[in-house]
Amino acid sequence: MLPLVIDTINNNPQLRAQIADERDEEALLADEFPNLHLGTINHCMFDAPVAQRGLAPLLGACQPAKCRNSTITRAHAPYWVAEEDDLTARSKEPGLSPPRREAVFTRLTDVQRITRALEEEGRA
Ligand code: SF4
């Protein structure tokens with residue numbers, strides 16, 4: 001049923017959502033979701049009790065593949081695919097120390113969790 005509804009909306013110009021301006025879109029999102037932080041590789045819903053969080057997401061410590069607040073869209077896909085390619089290449093560098101190679105594989109596993117999900121979604 002849902003695919004039929006989405007198809008109908010996408011194919012009917014009067015029903016299809018129109019984005020007039022990206023800044024308007026951001027302003028509307030900011031009104032509706034004041035805690036939403038738009039990022040380059042994911043969006044953060046920053047949904048946690050105020051007493052348990054800071055004033056803004058700690059982007060340097062962000063774990064997009066593991067966090068329930070993380071939202072990844074199709075627009076983020078090229079960044080994740082590029083990071084997967086970089087990490088795959090780095091994991092094959094001959095001079096890498098064993099601990100560093102292990103860290104690269106750990107990060108690669110996280111990134112592949114996202115790229116595989118994006119691939120699966122693309123097939124659906
Ligand atoms: S880990 Fe990332 S997505 Fe999750 S709350 Fe922190 S900044 Fe937001």
# chains A, B, ... in the order shown; residues from 1 in each chain; ligands from 1
$ residues_near_ligand --ligand "ligand 1" --cutoff "7 Å" --atoms "only C-alpha atoms and all ligand atoms" --output "PDB file with N, CA and C atoms, in the first residue's frame"
ATOM      1  N   HIS A  43      22.692  13.520   9.554  1.00  0.00           N
ATOM      2  CA  HIS A  43      21.978  14.534  10.322  1.00  0.00           C
ATOM      3  C   HIS A  43      21.786  13.974  11.724  1.00  0.00           C
ATOM      4  N   CYS A  44      21.881  14.851  12.704  1.00  0.00           N
ATOM      5  CA  CYS A  44      21.752  14.424  14.098  1.00  0.00           C
ATOM      6  C   CYS A  44      20.437  14.940  14.667  1.00  0.00           C
ATOM      7  N   MET A  45      19.624  14.024  15.184  1.00  0.00           N
ATOM      8  CA  MET A  45      18.357  14.429  15.811  1.00  0.00           C
ATOM      9  C   MET A  45      18.589  14.995  17.215  1.00  0.00           C
ATOM     10  N   PHE A  46      19.755  14.696  17.800  1.00  0.00           N
ATOM     11  CA  PHE A  46      20.159  15.230  19.106  1.00  0.00           C
ATOM     12  C   PHE A  46      19.052  15.041  20.134  1.00  0.00           C
ATOM     13  N   PRO A  57      25.747  18.709  19.398  1.00  0.00           N
ATOM     14  CA  PRO A  57      26.422  17.425  19.206  1.00  0.00           C
ATOM     15  C   PRO A  57      27.941  17.593  19.181  1.00  0.00           C
ATOM     16  N   LEU A  58      28.642  16.593  19.690  1.00  0.00           N
ATOM     17  CA  LEU A  58      30.105  16.580  19.622  1.00  0.00           C
ATOM     18  C   LEU A  58      30.486  15.899  18.310  1.00  0.00           C
ATOM     19  N   LEU A  59      30.606  16.699  17.268  1.00  0.00           N
ATOM     20  CA  LEU A  59      30.783  16.118  15.937  1.00  0.00           C
ATOM     21  C   LEU A  59      32.051  15.284  15.826  1.00  0.00           C
ATOM     22  N   ALA A  61      33.204  13.307  17.952  1.00  0.00           N
ATOM     23  CA  ALA A  61      33.011  11.999  18.575  1.00  0.00           C
ATOM     24  C   ALA A  61      31.792  11.276  18.001  1.00  0.00           C
ATOM     25  N   CYS A  62      31.242  11.805  16.933  1.00  0.00           N
ATOM     26  CA  CYS A  62      30.002  11.255  16.370  1.00  0.00           C
ATOM     27  C   CYS A  62      30.211   9.824  15.864  1.00  0.00           C
ATOM     28  N   GLN A  63      29.241   8.970  16.149  1.00  0.00           N
ATOM     29  CA  GLN A  63      29.261   7.570  15.698  1.00  0.00           C
ATOM     30  C   GLN A  63      28.004   7.324  14.852  1.00  0.00           C
ATOM     31  N   PRO A  64      27.987   7.818  13.624  1.00  0.00           N
ATOM     32  CA  PRO A  64      26.758   7.755  12.819  1.00  0.00           C
ATOM     33  C   PRO A  64      26.222   6.351  12.574  1.00  0.00           C
ATOM     34  N   CYS A  67      24.524   5.261  16.332  1.00  0.00           N
ATOM     35  CA  CYS A  67      23.695   6.128  17.163  1.00  0.00           C
ATOM     36  C   CYS A  67      22.258   6.199  16.648  1.00  0.00           C
ATOM     37  N   ARG A  68      21.308   6.089  17.575  1.00  0.00           N
ATOM     38  CA  ARG A  68      19.897   6.137  17.165  1.00  0.00           C
ATOM     39  C   ARG A  68      19.476   7.539  16.740  1.00  0.00           C
ATOM     40  N   ASN A  69      20.271   8.533  17.045  1.00  0.00           N
ATOM     41  CA  ASN A  69      19.964   9.897  16.629  1.00  0.00           C
ATOM     42  C   ASN A  69      20.449  10.219  15.220  1.00  0.00           C
ATOM     43  N   SER A  70      21.218   9.307  14.658  1.00  0.00           N
ATOM     44  CA  SER A  70      21.825   9.569  13.358  1.00  0.00           C
ATOM     45  C   SER A  70      20.847   9.265  12.222  1.00  0.00           C
TER      46      SER A  70
END
$ residues_around --residues "Ser91 (chain A)" --least-positions-apart "4" --cutoff "7 Å" --atoms "only C-alpha atoms" --output "PDB file with C-alpha atoms, in the first residue's frame"
ATOM      1  CA  LEU A  87      39.633   2.829   4.051  1.00  0.00           C
ATOM      2  CA  ARG A 101      45.469  -1.766  10.423  1.00  0.00           C
ATOM      3  CA  VAL A 104      41.212   0.857   9.903  1.00  0.00           C
ATOM      4  CA  PHE A 105      39.303  -2.446   9.680  1.00  0.00           C
TER       5      PHE A 105
END
$ atom_distance --atom1 "CA of Ala51 (chain A)" --atom2 "CA of Glu25 (chain A)"
29.5 Å
$ residues_around --residues "Glu26 (chain A)" --least-positions-apart "6" --cutoff "10 Å" --atoms "only C-alpha atoms" --output "compact mmCIF listing (two decimals) with N, CA and C atoms, in the first residue's frame"
# COMPACT_ATOMS: atom_id res chain seq x y z
N GLU A 32 10.36 22.97 12.87
CA GLU A 32 9.67 21.73 13.23
C GLU A 32 10.52 20.85 14.15
N PHE A 33 11.82 20.83 13.88
CA PHE A 33 12.74 19.98 14.65
C PHE A 33 13.89 20.85 15.17
N LEU A 36 17.40 19.35 15.41
CA LEU A 36 18.02 18.70 14.26
C LEU A 36 19.26 19.48 13.83
N HIS A 37 20.38 18.77 13.70
CA HIS A 37 21.62 19.39 13.23
C HIS A 37 21.97 18.76 11.89
N LEU A 38 22.01 19.59 10.85
CA LEU A 38 22.30 19.09 9.51
C LEU A 38 23.81 19.01 9.33
$ select_by_dssp --residues "chain A" --states "strand (DSSP E)" --output "ChimeraX atom specification"
/A:37-38,43-44,70-71
$ write_last_selection --atoms "C-alpha atoms" --output "PDB file, in the first residue's frame"
ATOM      1  CA  HIS A  37      21.619  19.385  13.232  1.00  0.00           C
ATOM      2  CA  LEU A  38      22.302  19.087   9.510  1.00  0.00           C
ATOM      3  CA  HIS A  43      21.978  14.534  10.322  1.00  0.00           C
ATOM      4  CA  CYS A  44      21.752  14.424  14.098  1.00  0.00           C
ATOM      5  CA  SER A  70      21.825   9.569  13.358  1.00  0.00           C
ATOM      6  CA  THR A  71      19.909  10.002  10.125  1.00  0.00           C
TER       7      THR A  71
END
